[in-house]
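my_file17.txt (compact mmCIF, N, CA and C atoms) appears below.
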# COMPACT_ATOMS: atom_id res chain seq x y z
N ASN J 17 72.50 -80.96 -16.41
CA ASN J 17 72.71 -81.33 -17.79
C ASN J 17 72.10 -80.33 -18.77
N ARG J 18 71.59 -79.21 -18.25
CA ARG J 18 71.04 -78.19 -19.13
C ARG J 18 72.09 -77.64 -20.08
N CYS J 19 73.33 -77.53 -19.62
CA CYS J 19 74.36 -76.99 -20.51
C CYS J 19 74.59 -77.92 -21.70
N LEU J 20 74.44 -79.23 -21.50
CA LEU J 20 74.63 -80.17 -22.60
C LEU J 20 73.54 -80.05 -23.66
N GLU J 21 72.37 -79.60 -23.24
CA GLU J 21 71.26 -79.41 -24.18
C GLU J 21 71.52 -78.24 -25.13
N LYS J 22 72.38 -77.31 -24.72
CA LYS J 22 72.60 -76.09 -25.49
C LYS J 22 73.80 -76.14 -26.42
N ILE J 23 74.54 -77.24 -26.39
CA ILE J 23 75.73 -77.35 -27.25
C ILE J 23 75.62 -78.59 -28.14
N ASP J 24 76.34 -78.56 -29.24
CA ASP J 24 76.31 -79.68 -30.18
C ASP J 24 77.08 -80.90 -29.66
N GLU J 25 78.19 -80.66 -29.00
CA GLU J 25 79.03 -81.76 -28.52
C GLU J 25 78.33 -82.47 -27.36
N LYS J 26 78.24 -83.79 -27.44
CA LYS J 26 77.58 -84.57 -26.38
C LYS J 26 78.55 -85.50 -25.65
N ASP J 27 79.75 -85.68 -26.19
CA ASP J 27 80.75 -86.54 -25.57
C ASP J 27 81.37 -85.79 -24.39
N LYS J 28 81.06 -86.23 -23.19
CA LYS J 28 81.53 -85.55 -21.98
C LYS J 28 83.05 -85.53 -21.87
N GLU J 29 83.72 -86.46 -22.53
CA GLU J 29 85.19 -86.49 -22.51
C GLU J 29 85.79 -85.33 -23.31
N LYS J 30 85.00 -84.68 -24.14
CA LYS J 30 85.48 -83.58 -24.97
C LYS J 30 84.99 -82.23 -24.46
N ILE J 31 84.38 -82.21 -23.29
CA ILE J 31 83.80 -80.97 -22.77
C ILE J 31 84.52 -80.58 -21.49
N LEU J 32 84.77 -79.30 -21.35
CA LEU J 32 85.39 -78.74 -20.16
C LEU J 32 84.55 -77.55 -19.74
N ILE J 33 84.05 -77.56 -18.51
CA ILE J 33 83.31 -76.41 -18.01
C ILE J 33 84.28 -75.51 -17.25
N ILE J 34 84.28 -74.24 -17.60
CA ILE J 34 85.16 -73.26 -16.97
C ILE J 34 84.29 -72.27 -16.23
N GLY J 35 84.58 -72.07 -14.95
CA GLY J 35 83.78 -71.13 -14.19
C GLY J 35 84.48 -70.65 -12.93
N ASP J 36 83.95 -69.55 -12.38
CA ASP J 36 84.54 -68.98 -11.17
C ASP J 36 83.75 -69.31 -9.91
N SER J 37 82.63 -69.97 -10.05
CA SER J 37 81.79 -70.31 -8.90
C SER J 37 81.91 -71.79 -8.58
N LEU J 38 82.38 -72.07 -7.37
CA LEU J 38 82.47 -73.46 -6.94
C LEU J 38 81.08 -74.07 -6.78
N THR J 39 80.14 -73.28 -6.26
CA THR J 39 78.82 -73.81 -5.93
C THR J 39 77.90 -73.99 -7.13
N SER J 40 78.17 -73.31 -8.23
CA SER J 40 77.33 -73.52 -9.41
C SER J 40 78.12 -74.11 -10.57
N ASP J 41 79.19 -73.47 -11.00
CA ASP J 41 79.96 -73.94 -12.17
C ASP J 41 80.65 -75.28 -11.90
N ILE J 42 81.45 -75.32 -10.87
CA ILE J 42 82.24 -76.53 -10.58
C ILE J 42 81.34 -77.65 -10.09
N LYS J 43 80.43 -77.34 -9.18
CA LYS J 43 79.50 -78.36 -8.69
C LYS J 43 78.62 -78.88 -9.83
N GLY J 44 78.18 -77.99 -10.70
CA GLY J 44 77.38 -78.42 -11.86
C GLY J 44 78.15 -79.35 -12.77
N GLY J 45 79.42 -79.02 -13.02
CA GLY J 45 80.26 -79.90 -13.82
C GLY J 45 80.46 -81.25 -13.16
N ASN J 46 80.68 -81.23 -11.84
CA ASN J 46 80.83 -82.47 -11.10
C ASN J 46 79.57 -83.32 -11.20
N ASN J 47 78.42 -82.70 -11.03
CA ASN J 47 77.15 -83.43 -11.09
C ASN J 47 76.89 -84.00 -12.48
N ALA J 48 77.35 -83.30 -13.52
CA ALA J 48 77.12 -83.75 -14.89
C ALA J 48 78.19 -84.72 -15.38
N GLY J 49 79.25 -84.92 -14.59
CA GLY J 49 80.32 -85.81 -15.01
C GLY J 49 81.24 -85.20 -16.05
N ILE J 50 81.38 -83.86 -16.00
CA ILE J 50 82.21 -83.11 -16.95
C ILE J 50 83.47 -82.64 -16.24
N LYS J 51 84.61 -82.64 -16.95
CA LYS J 51 85.84 -82.07 -16.38
C LYS J 51 85.61 -80.60 -16.10
N THR J 52 86.26 -80.10 -15.05
CA THR J 52 86.07 -78.72 -14.62
C THR J 52 87.37 -77.94 -14.58
N CYS J 53 87.24 -76.66 -14.84
CA CYS J 53 88.36 -75.72 -14.72
C CYS J 53 87.88 -74.55 -13.89
N TRP J 54 88.50 -74.36 -12.74
CA TRP J 54 88.11 -73.28 -11.83
C TRP J 54 88.92 -72.04 -12.15
N TYR J 55 88.23 -70.97 -12.49
CA TYR J 55 88.85 -69.65 -12.69
C TYR J 55 88.99 -69.02 -11.31
N ASN J 56 90.16 -69.18 -10.72
CA ASN J 56 90.42 -68.77 -9.34
C ASN J 56 91.42 -67.62 -9.32
N ARG J 57 90.96 -66.46 -9.74
CA ARG J 57 91.86 -65.30 -9.88
C ARG J 57 92.39 -64.80 -8.54
N ASP J 58 91.70 -65.13 -7.44
CA ASP J 58 92.12 -64.63 -6.13
C ASP J 58 92.92 -65.63 -5.31
N GLY J 59 93.16 -66.81 -5.86
CA GLY J 59 93.94 -67.82 -5.15
C GLY J 59 93.26 -68.37 -3.90
N LYS J 60 91.94 -68.48 -3.94
CA LYS J 60 91.18 -69.00 -2.79
C LYS J 60 91.42 -70.49 -2.63
N GLN J 61 91.11 -70.98 -1.45
CA GLN J 61 91.17 -72.41 -1.17
C GLN J 61 89.80 -73.02 -1.43
N ALA J 62 89.77 -74.17 -2.07
CA ALA J 62 88.51 -74.86 -2.36
C ALA J 62 88.29 -75.99 -1.36
N SER J 63 87.05 -76.21 -1.04
CA SER J 63 86.68 -77.32 -0.18
C SER J 63 86.93 -78.63 -0.92
N SER J 64 87.25 -79.67 -0.19
CA SER J 64 87.53 -80.96 -0.82
C SER J 64 86.27 -81.62 -1.37
N GLU J 65 85.11 -81.02 -1.14
CA GLU J 65 83.88 -81.60 -1.67
C GLU J 65 83.77 -81.43 -3.19
N TYR J 66 84.59 -80.55 -3.77
CA TYR J 66 84.56 -80.30 -5.21
C TYR J 66 85.70 -81.02 -5.91
N ARG J 67 85.43 -81.60 -7.08
CA ARG J 67 86.49 -82.17 -7.92
C ARG J 67 86.87 -81.09 -8.94
N ILE J 68 88.04 -80.55 -8.79
CA ILE J 68 88.54 -79.51 -9.70
C ILE J 68 89.67 -80.13 -10.50
N ASP J 69 89.45 -80.26 -11.81
CA ASP J 69 90.46 -80.90 -12.65
C ASP J 69 91.58 -79.95 -13.05
N PHE J 70 91.24 -78.69 -13.27
CA PHE J 70 92.21 -77.68 -13.67
C PHE J 70 91.91 -76.39 -12.92
N THR J 71 92.93 -75.57 -12.73
CA THR J 71 92.76 -74.25 -12.13
C THR J 71 93.54 -73.24 -12.95
N ILE J 72 92.92 -72.10 -13.21
CA ILE J 72 93.61 -71.00 -13.88
C ILE J 72 93.42 -69.75 -13.04
N LYS J 73 94.35 -68.83 -13.15
CA LYS J 73 94.25 -67.55 -12.44
C LYS J 73 93.93 -66.40 -13.39
N ASN J 74 94.09 -66.65 -14.68
CA ASN J 74 93.88 -65.61 -15.69
C ASN J 74 93.17 -66.24 -16.88
N LEU J 75 92.09 -65.63 -17.34
CA LEU J 75 91.36 -66.19 -18.48
C LEU J 75 92.21 -66.29 -19.74
N LYS J 76 93.25 -65.49 -19.80
CA LYS J 76 94.16 -65.53 -20.95
C LYS J 76 94.79 -66.92 -21.10
N GLU J 77 94.89 -67.67 -20.00
CA GLU J 77 95.47 -69.01 -20.04
C GLU J 77 94.66 -69.94 -20.94
N ILE J 78 93.40 -69.65 -21.15
CA ILE J 78 92.55 -70.48 -21.99
C ILE J 78 92.83 -70.24 -23.47
N TYR J 79 93.09 -69.00 -23.83
CA TYR J 79 93.17 -68.61 -25.23
C TYR J 79 94.57 -68.64 -25.83
N ASP J 80 95.59 -68.46 -25.02
CA ASP J 80 96.96 -68.41 -25.55
C ASP J 80 97.48 -69.80 -25.85
N PRO J 81 97.79 -70.08 -27.12
CA PRO J 81 98.42 -71.37 -27.41
C PRO J 81 99.85 -71.36 -26.90
N PRO J 82 100.41 -72.43 -26.41
CA PRO J 82 99.64 -73.62 -26.07
C PRO J 82 98.79 -73.38 -24.83
N ILE J 83 97.67 -74.07 -24.76
CA ILE J 83 96.78 -73.91 -23.61
C ILE J 83 97.55 -74.33 -22.37
N THR J 84 97.48 -73.51 -21.33
CA THR J 84 98.28 -73.77 -20.13
C THR J 84 97.38 -74.07 -18.94
N LEU J 85 96.63 -75.13 -19.03
CA LEU J 85 95.82 -75.59 -17.90
C LEU J 85 96.62 -76.65 -17.18
N PHE J 86 96.52 -76.68 -15.88
CA PHE J 86 97.28 -77.64 -15.09
C PHE J 86 96.37 -78.45 -14.19
N CYS J 87 96.72 -79.72 -14.05
CA CYS J 87 96.03 -80.58 -13.09
C CYS J 87 96.48 -80.19 -11.69
N LYS J 88 95.79 -80.70 -10.70
CA LYS J 88 96.26 -80.52 -9.34
C LYS J 88 97.69 -81.04 -9.26
N GLY J 89 98.53 -80.37 -8.55
CA GLY J 89 99.92 -80.77 -8.43
C GLY J 89 100.75 -80.33 -9.61
N ASP J 90 100.20 -79.46 -10.46
CA ASP J 90 100.92 -78.93 -11.62
C ASP J 90 101.43 -80.00 -12.57
N ILE J 91 100.69 -81.08 -12.73
CA ILE J 91 101.04 -82.12 -13.70
C ILE J 91 100.21 -81.85 -14.94
N ARG J 92 100.87 -81.65 -16.06
CA ARG J 92 100.14 -81.38 -17.30
C ARG J 92 99.37 -82.62 -17.73
N ASP J 93 98.10 -82.43 -18.04
CA ASP J 93 97.28 -83.51 -18.56
C ASP J 93 97.27 -83.38 -20.08
N LYS J 94 98.36 -83.77 -20.70
CA LYS J 94 98.55 -83.57 -22.14
C LYS J 94 97.51 -84.32 -22.95
N GLU J 95 97.16 -85.52 -22.52
CA GLU J 95 96.19 -86.31 -23.28
C GLU J 95 94.83 -85.61 -23.29
N PHE J 96 94.39 -85.10 -22.15
CA PHE J 96 93.10 -84.39 -22.11
C PHE J 96 93.15 -83.14 -22.97
N LEU J 97 94.23 -82.40 -22.89
CA LEU J 97 94.34 -81.18 -23.69
C LEU J 97 94.36 -81.50 -25.18
N ARG J 98 95.00 -82.62 -25.57
CA ARG J 98 95.02 -83.02 -26.97
C ARG J 98 93.61 -83.34 -27.45
N ARG J 99 92.85 -84.07 -26.63
CA ARG J 99 91.49 -84.46 -27.03
C ARG J 99 90.54 -83.28 -27.08
N THR J 100 90.73 -82.28 -26.21
CA THR J 100 89.75 -81.19 -26.11
C THR J 100 90.15 -79.94 -26.89
N ARG J 101 91.36 -79.86 -27.40
CA ARG J 101 91.82 -78.66 -28.09
C ARG J 101 90.83 -78.26 -29.18
N GLY J 102 90.32 -77.07 -29.10
CA GLY J 102 89.34 -76.59 -30.08
C GLY J 102 87.93 -76.96 -29.73
N ALA J 103 87.73 -77.71 -28.65
CA ALA J 103 86.38 -78.12 -28.28
C ALA J 103 85.97 -77.54 -26.92
N LEU J 104 86.69 -76.55 -26.45
CA LEU J 104 86.32 -75.92 -25.18
C LEU J 104 85.04 -75.13 -25.35
N VAL J 105 84.13 -75.27 -24.41
CA VAL J 105 82.85 -74.56 -24.48
C VAL J 105 82.64 -73.74 -23.23
Before anything else, please render the file you have as structure tokens.
Amino acid sequence: NRCLEKIDEKDKEKILIIGDSLTSDIKGGNNAGIKTCWYNRDGKQASSEYRIDFTIKNLKEIYDPPITLFCKGDIRDKEFLRRTRGALV
């Protein structure tokens, strides 16, 4: 929860942690109860021990409107994207 101490937003429903490390970024988000986005540029396979809400292969996917993050199974989570738009940290 150290990351929550460093940002103004405290509502976990409005926070998305984006990282390339399963063992620190994604696991940390899982432990904190925050949605996660795995930056998986190499197309690696993740262990089922991690809850990965979104996966991107290129960081540009975060910045280009419309945001193109996908849930597992390539189902767009439009409601989550609507709530978090502009609140990505």
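With only C-alpha atoms as the basis for measurement, J:Cys53 is the residue among J:Cys53, J:Ile23, J:Ile72, J:Ile78 that approaches Leu38 of chain J most closely.
Take the candidates J:Lys76, J:Arg67, J:Glu21, J:Lys26 and check each one against Thr52 of chain J using all atoms listed in the file; the shortest distance goes to J:Arg67.
Relative to atom CA of Asp27 of chain J, atom C of Gln61 of chain J is found at 29.1 Å.
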Figure out the distance between atom CA of Leu75 of chain J and atom CA of Lys28 of chain J, please, to one decimal in Å.
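Between atom CA of Lys28 of chain J and atom CA of Leu75 of chain J the gap is 22.0 Å.
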Enter the distance from atom CA of Glu65 of chain J to atom N of Ser40 of chain J, in Å, rounded to one decimal.
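Going from atom CA of Glu65 of chain J over to atom N of Ser40 of chain J, I get 12.0 Å.
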Let me make sure I understand: among J:Asn56, J:Tyr66, J:Lys73, J:Lys51, which one has the smallest atom-to-atom distance to Ile33 of chain J if we use all atoms listed in the file?
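Smallest distance to Ile33 of chain J is found for J:Lys51.
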Which residue, J:Asn46, J:Asp36, J:Glu29, J:Glu77, has the smallest gap to Lys60 of chain J when you use only C-alpha atoms?
J:Asp36
Which residues are close to Ala62 of chain J, i.e. within 12 Å by only C-alpha atoms, leaving aside same-chain residues fewer than 6 positions away? Reply as an MDAnalysis selection string.
chainID J and resid 36:39 42:43 54:56 68 71 88
